[in-house]
$ cat upload.pdb   # PDB, C-alpha atoms
ATOM      1  CA  MET K  24      -4.307 -28.927  30.512
ATOM      2  CA  THR K  25      -4.852 -25.232  31.180
ATOM      3  CA  THR K  26      -1.567 -24.298  29.504
ATOM      4  CA  LEU K  27      -2.409 -26.417  26.462
ATOM      5  CA  THR K  28      -5.819 -24.778  26.172
ATOM      6  CA  LYS K  29      -4.375 -21.277  26.476
ATOM      7  CA  ASP K  30      -1.693 -22.084  23.921
ATOM      8  CA  ALA K  31      -4.320 -23.400  21.514
ATOM      9  CA  ILE K  32      -6.421 -20.263  21.960
ATOM     10  CA  LYS K  33      -3.403 -18.003  21.346
ATOM     11  CA  LYS K  34      -2.319 -19.974  18.291
ATOM     12  CA  SER K  35      -5.834 -19.851  16.801
ATOM     13  CA  PHE K  36      -6.123 -16.143  17.520
ATOM     14  CA  LEU K  37      -2.788 -15.343  15.880
ATOM     15  CA  LYS K  38      -3.710 -17.498  12.866
ATOM     16  CA  LEU K  39      -6.995 -15.625  12.483
ATOM     17  CA  LEU K  40      -5.334 -12.251  13.042
ATOM     18  CA  ASN K  41      -2.968 -13.015  10.179
ATOM     19  CA  ARG K  42      -6.061 -13.468   7.994
ATOM     20  CA  LYS K  43      -8.318 -10.596   9.035
ATOM     21  CA  PRO K  44      -8.640  -7.452  11.171
ATOM     22  CA  ILE K  45      -9.138  -7.861  14.882
ATOM     23  CA  ASN K  46     -12.628  -6.341  14.811
ATOM     24  CA  LYS K  47     -13.697  -9.141  12.433
ATOM     25  CA  ILE K  48     -12.485 -11.958  14.708
ATOM     26  CA  THR K  49     -15.069 -13.536  16.985
ATOM     27  CA  VAL K  50     -14.751 -15.744  20.019
ATOM     28  CA  LYS K  51     -16.833 -18.286  18.118
ATOM     29  CA  GLU K  52     -14.206 -18.469  15.348
ATOM     30  CA  ILE K  53     -11.372 -18.845  17.836
ATOM     31  CA  VAL K  54     -13.029 -21.663  19.786
ATOM     32  CA  GLU K  55     -14.087 -23.483  16.619
ATOM     33  CA  ASP K  56     -10.556 -23.234  15.237
ATOM     34  CA  CYS K  57      -8.930 -24.666  18.350
ATOM     35  CA  GLY K  58     -11.693 -27.139  19.196
ATOM     36  CA  ILE K  59     -12.798 -25.879  22.606
ATOM     37  CA  ASN K  60     -16.042 -24.448  23.932
ATOM     38  CA  ARG K  61     -16.842 -20.804  24.657
ATOM     39  CA  ASN K  62     -16.734 -21.382  28.402
ATOM     40  CA  SER K  63     -13.122 -22.498  28.120
ATOM     41  CA  PHE K  64     -12.275 -19.295  26.293
ATOM     42  CA  TYR K  65     -13.978 -17.127  28.920
ATOM     43  CA  TYR K  66     -12.388 -19.116  31.713
ATOM     44  CA  HIS K  67      -9.000 -17.870  30.486
ATOM     45  CA  TYR K  68      -9.810 -14.511  28.885
ATOM     46  CA  GLU K  69     -12.249 -11.723  29.519
ATOM     47  CA  ASP K  70     -12.451 -10.864  25.819
ATOM     48  CA  ILE K  71     -10.440 -10.803  22.606
ATOM     49  CA  LEU K  72      -8.546  -7.675  23.669
ATOM     50  CA  SER K  73      -7.293  -9.368  26.846
ATOM     51  CA  LEU K  74      -6.216 -12.325  24.697
ATOM     52  CA  MET K  75      -4.367 -10.023  22.289
ATOM     53  CA  GLU K  76      -2.611  -8.268  25.168
ATOM     54  CA  GLU K  77      -1.461 -11.594  26.585
ATOM     55  CA  VAL K  78      -0.201 -12.808  23.202
ATOM     56  CA  PHE K  79       1.961  -9.708  22.766
ATOM     57  CA  ASN K  80       3.089  -9.589  26.393
ATOM     58  CA  ASP K  81       4.101 -13.248  26.137
ATOM     59  CA  GLN K  82       6.046 -12.553  22.947
ATOM     60  CA  ALA K  83       7.864  -9.625  24.571
ATOM     61  CA  ASP K  84       8.551 -11.611  27.758
ATOM     62  CA  GLU K  85       9.915 -14.529  25.748
ATOM     63  CA  PHE K  86      12.193 -12.224  23.747
ATOM     64  CA  ILE K  87      13.414 -10.404  26.855
ATOM     65  CA  SER K  88      14.090 -13.643  28.741
ATOM     66  CA  ARG K  89      16.468 -14.981  26.075
ATOM     67  CA  ASN K  90      20.136 -14.995  26.949
ATOM     68  CA  ILE K  91      21.625 -13.839  23.679
ATOM     69  CA  SER K  92      24.309 -11.458  22.557
ATOM     70  CA  TYR K  93      24.559  -9.788  19.221
ATOM     71  CA  GLU K  94      27.618  -9.591  17.007
ATOM     72  CA  ASN K  95      26.386  -6.438  15.297
ATOM     73  CA  LEU K  96      23.526  -3.982  15.240
ATOM     74  CA  TYR K  97      21.936  -5.611  12.181
ATOM     75  CA  ASP K  98      21.589  -8.970  13.967
ATOM     76  CA  SER K  99      20.153  -7.207  16.995
ATOM     77  CA  ILE K 100      17.553  -5.399  14.903
ATOM     78  CA  MET K 101      16.648  -8.488  12.883
ATOM     79  CA  GLU K 102      16.052 -10.502  16.043
ATOM     80  CA  ALA K 103      13.790  -7.732  17.366
ATOM     81  CA  ILE K 104      11.686  -7.615  14.195
ATOM     82  CA  LYS K 105      11.525 -11.373  13.580
ATOM     83  CA  PHE K 106       8.038 -11.826  15.081
ATOM     84  CA  SER K 107       6.728  -8.830  13.119
ATOM     85  CA  LEU K 108       8.128 -10.206   9.859
ATOM     86  CA  GLU K 109       6.680 -13.663  10.536
ATOM     87  CA  ASN K 110       3.258 -12.196  11.377
ATOM     88  CA  LYS K 111       3.172  -9.249   9.009
ATOM     89  CA  ALA K 112      -0.574  -9.343   8.355
ATOM     90  CA  ALA K 113      -1.396  -9.647  12.059
ATOM     91  CA  ILE K 114       0.846  -6.693  12.873
ATOM     92  CA  MET K 115      -0.787  -4.642  10.093
ATOM     93  CA  HIS K 116      -4.238  -5.474  11.458
ATOM     94  CA  ILE K 117      -3.320  -4.382  14.970
ATOM     95  CA  PHE K 118      -1.429  -1.303  13.795
ATOM     96  CA  ASP K 119      -4.514  -0.127  11.896
ATOM     97  CA  SER K 120      -6.870  -0.760  14.813
ATOM     98  CA  PRO K 121      -7.898   1.236  17.875
ATOM     99  CA  ASN K 122      -5.847  -1.322  19.846
ATOM    100  CA  ARG K 123      -2.549  -0.248  18.331
ATOM    101  CA  GLN K 124      -1.114   0.615  21.751
ATOM    102  CA  VAL K 125      -0.780  -3.131  22.415
ATOM    103  CA  PHE K 126       1.693  -3.413  19.537
ATOM    104  CA  ASP K 127       3.373  -0.131  20.488
ATOM    105  CA  CYS K 128       4.022  -1.377  24.039
ATOM    106  CA  TYR K 129       5.189  -4.783  22.801
ATOM    107  CA  PHE K 130       7.591  -3.368  20.252
ATOM    108  CA  ASN K 131       8.919  -0.693  22.593
ATOM    109  CA  ARG K 132       9.911  -3.423  25.074
ATOM    110  CA  VAL K 133      11.451  -5.642  22.397
ATOM    111  CA  ALA K 134      13.343  -2.808  20.700
ATOM    112  CA  TYR K 135      14.751  -1.576  24.002
ATOM    113  CA  ARG K 136      15.935  -5.054  24.931
ATOM    114  CA  ALA K 137      17.558  -5.714  21.549
ATOM    115  CA  VAL K 138      19.386  -2.400  21.439
ATOM    116  CA  SER K 139      20.425  -2.399  25.094
ATOM    117  CA  GLU K 140      21.793  -5.956  24.831
ATOM    118  CA  PHE K 141      23.850  -4.933  21.808
ATOM    119  CA  PHE K 142      25.271  -1.886  23.595
ATOM    120  CA  ASN K 143      25.794  -3.794  26.851
ATOM    121  CA  ALA K 144      27.905  -6.335  24.977
ATOM    122  CA  MET K 145      29.717  -3.570  23.149
ATOM    123  CA  THR K 146      30.592  -1.742  26.383
ATOM    124  CA  ALA K 147      31.079  -4.731  28.687
ATOM    125  CA  ASP K 148      34.663  -3.727  29.515
ATOM    126  CA  ALA K 149      34.116   0.020  29.342
ATOM    127  CA  ASP K 150      33.926   1.620  32.751
ATOM    128  CA  ASP K 151      34.605   5.084  31.375
ATOM    129  CA  ILE K 152      31.110   5.684  29.968
ATOM    130  CA  ALA K 153      28.568   7.364  32.194
ATOM    131  CA  ALA K 154      25.379   5.321  32.613
ATOM    132  CA  GLU K 155      23.188   8.244  31.519
ATOM    133  CA  ASP K 156      25.251   8.716  28.339
ATOM    134  CA  LYS K 157      24.994   5.029  27.488
ATOM    135  CA  GLU K 158      21.256   5.143  28.151
ATOM    136  CA  ALA K 159      20.937   8.157  25.819
ATOM    137  CA  VAL K 160      22.680   6.216  23.029
ATOM    138  CA  ILE K 161      20.449   3.190  23.657
ATOM    139  CA  MET K 162      17.307   5.334  23.554
ATOM    140  CA  TYR K 163      18.442   6.974  20.304
ATOM    141  CA  TYR K 164      18.961   3.642  18.552
ATOM    142  CA  LYS K 165      15.779   2.188  20.040
ATOM    143  CA  CYS K 166      13.783   5.084  18.616
ATOM    144  CA  LEU K 167      15.438   4.601  15.219
ATOM    145  CA  LEU K 168      14.483   0.933  15.258
ATOM    146  CA  ILE K 169      10.896   1.723  16.215
ATOM    147  CA  GLY K 170      10.783   4.344  13.467
ATOM    148  CA  PHE K 171      12.013   1.837  10.847
ATOM    149  CA  VAL K 172       9.321  -0.649  11.779
ATOM    150  CA  PHE K 173       6.497   1.878  12.098
ATOM    151  CA  ASP K 174       7.377   3.405   8.706
ATOM    152  CA  TRP K 175       7.440  -0.071   7.154
ATOM    153  CA  ILE K 176       4.012  -0.856   8.595
ATOM    154  CA  SER K 177       2.624   2.558   7.596
ATOM    155  CA  GLU K 178       3.796   1.927   4.022
ATOM    156  CA  GLY K 179       1.829  -1.319   3.994
ATOM    157  CA  ALA K 180       4.830  -3.576   4.717
ATOM    158  CA  LYS K 181       5.383  -3.717   0.964
ATOM    159  CA  TYR K 182       9.152  -3.644   0.875
ATOM    160  CA  ASP K 183      11.714  -6.049   2.271
ATOM    161  CA  LEU K 184      12.435  -4.606   5.699
ATOM    162  CA  SER K 185      15.470  -6.811   6.243
ATOM    163  CA  LEU K 186      17.136  -5.401   3.111
ATOM    164  CA  GLU K 187      16.360  -1.840   4.194
ATOM    165  CA  VAL K 188      17.725  -2.442   7.681
ATOM    166  CA  ARG K 189      20.859  -4.048   6.256
ATOM    167  CA  ARG K 190      21.471  -1.056   3.982
ATOM    168  CA  ILE K 191      20.886   1.445   6.783
ATOM    169  CA  CYS K 192      23.286  -0.472   9.013
ATOM    170  CA  GLU K 193      25.880  -0.425   6.231
ATOM    171  CA  LEU K 194      25.448   3.305   5.637
ATOM    172  CA  PHE K 195      25.732   4.159   9.310
ATOM    173  CA  GLU K 196      28.342   1.591  10.281
ATOM    174  CA  GLY K 197      30.644   2.964  12.954
ATOM    175  CA  THR K 198      28.236   5.603  14.248
ATOM    176  CA  ALA K 199      27.470   3.605  17.404
ATOM    177  CA  GLU K 200      31.176   3.342  18.167
ATOM    178  CA  LEU K 201      31.579   7.057  17.448
ATOM    179  CA  ALA K 202      28.744   7.923  19.831
ATOM    180  CA  LEU K 203      30.298   5.797  22.571
ATOM    181  CA  GLU K 204      33.695   7.401  21.921
ATOM    182  CA  ARG K 205      32.080  10.803  22.354
ATOM    183  CA  CYS K 206      30.601   9.555  25.632
ATOM    184  CA  ARG K 207      34.123   8.695  26.791
ATOM    185  CA  LYS K 208      35.473  12.113  25.840
ATOM    186  CA  THR K 209      32.590  13.857  27.583
ATOM    187  CA  ASP K 210      33.057  11.730  30.692
ATOM    188  CA  ASN K 211      36.826  12.260  30.688
ATOM    189  CA  LYS K 212      36.403  16.039  30.373
ATOM    190  CA  GLY K 213      33.977  16.063  33.263
ATOM    191  CA  ASN K 214      36.341  14.036  35.458
ATOM    192  CA  GLY K 215      39.546  15.712  34.401
TER     193      GLY K 215
END

$ encode --input "upload.pdb" --output "structure tokens"
Amino acid sequence: MTTLTKDAIKKSFLKLLNRKPINKITVKEIVEDCGINRNSFYYHYEDILSLMEEVFNDQADEFISRNISYENLYDSIMEAIKFSLENKAAIMHIFDSPNRQVFDCYFNRVAYRAVSEFFNAMTADADDIAAEDKEAVIMYYKCLLIGFVFDWISEGAKYDLSLEVRRICELFEGTAELALERCRKTDNKGNG
């Protein structure tokens, strides 16, 4: 029963957050929406901020726990931004709030996982790339992904992010492979 109650609270919160800013959401609205009493809310959560943190930590944990591999960088990026696209208004409300760090932490974890899984699959048979070089490439692409999403949010999420990401991936196709090839050359020079 506890899990069902927590799930109902999270679902109601996310529904409300897609409608209005976090500072306009009350515990009363959440409990009325999911049909529980205030005591049940406070049994599970200290306040709305602790609820929000759990919602985003759960989303990141769920994404990270998936056993998936990506065919290309576009698919990797699209999987990482799926929750943000589905909850655009909620993300905008958090991004524009003093609690933005909750989204920043969530998306940093998700972006790192998506990009690292892509590069791990890409280099599965490559033992000639130094771990620190591979990590540098992963961090570079992770930061690009975060930048895409933060720019989209800052612009009011008015354009189709998936189209923009697709075009960027098309324009820069082959650069990941080139970076990894440079890692091999650097590693070979150092060992030769």

$ resolve_selection --input "upload.pdb" --expression "the PyMOL selection byres ((chain K and resi 123-127) around 10)" --output "list in words"
Leu72, Met75, Glu76, Glu77, Val78, Phe79, Asn80, Ser107, Ile114, Met115, His116, Ile117, Phe118, Asp119, Ser120, Pro121, Asn122, Cys128, Tyr129, Phe130, Asn131, Arg132, Val133, Ile169 and Phe173 of chain K

$ atom_distance --input "upload.pdb" --atom1 "atom CA of Asn41 of chain K" --atom2 "atom CA of Lys165 of chain K"
26.1 Å

$ closest_residue --input "upload.pdb" --among "K:Ala147, K:Ile104, K:Ala199, K:Ile45" --to "Leu184 of chain K" --atoms "only C-alpha atoms"
K:Ile104

$ atom_distance --input "upload.pdb" --atom1 "atom CA of Cys166 of chain K" --atom2 "atom CA of Gln82 of chain K"
19.7 Å

$ closest_atom_pairs --input "upload.pdb" --of "segment 108-171 of chain K" --to "segment 187-190 of chain K" --cutoff "12 Å" --atoms "all atoms listed in the file" --output "JSON lines"
{"residue": "K:Leu167", "atom": "CA", "partner": "K:Val188", "partner_atom": "CA", "distance": 10.6}
{"residue": "K:Leu168", "atom": "CA", "partner": "K:Val188", "partner_atom": "CA", "distance": 8.9}
{"residue": "K:Ile169", "atom": "CA", "partner": "K:Val188", "partner_atom": "CA", "distance": 11.7}
{"residue": "K:Gly170", "atom": "CA", "partner": "K:Val188", "partner_atom": "CA", "distance": 11.3}
{"residue": "K:Phe171", "atom": "CA", "partner": "K:Val188", "partner_atom": "CA", "distance": 7.8}

$ atom_distance --input "upload.pdb" --atom1 "atom CA of Cys206 of chain K" --atom2 "atom CA of Glu140 of chain K"
17.9 Å

$ closest_residue --input "upload.pdb" --among "K:Lys157, K:Val50, K:Leu108, K:Ile32" --to "Asp183 of chain K" --atoms "all atoms listed in the file"
K:Leu108

$ residues_near_point --input "upload.pdb" --point "(-5.3, -24.3, 25.5)" --cutoff "12 Å" --atoms "all atoms listed in the file" --output "PyMOL selection string"
chain K and resi 24-36+53-54+56-60+63-68

$ closest_residue --input "upload.pdb" --among "K:Trp175, K:Phe106, K:Tyr97, K:Tyr135" --to "Ala159 of chain K" --atoms "only C-alpha atoms"
K:Tyr135

$ closest_residue --input "upload.pdb" --among "K:Asn110, K:Asn62, K:Leu40, K:Ile100" --to "Ile176 of chain K" --atoms "all atoms listed in the file"
K:Asn110

$ closest_residue --input "upload.pdb" --among "K:Ala112, K:Ile191, K:Met145, K:Val138" --to "Gly179 of chain K" --atoms "all atoms listed in the file"
K:Ala112
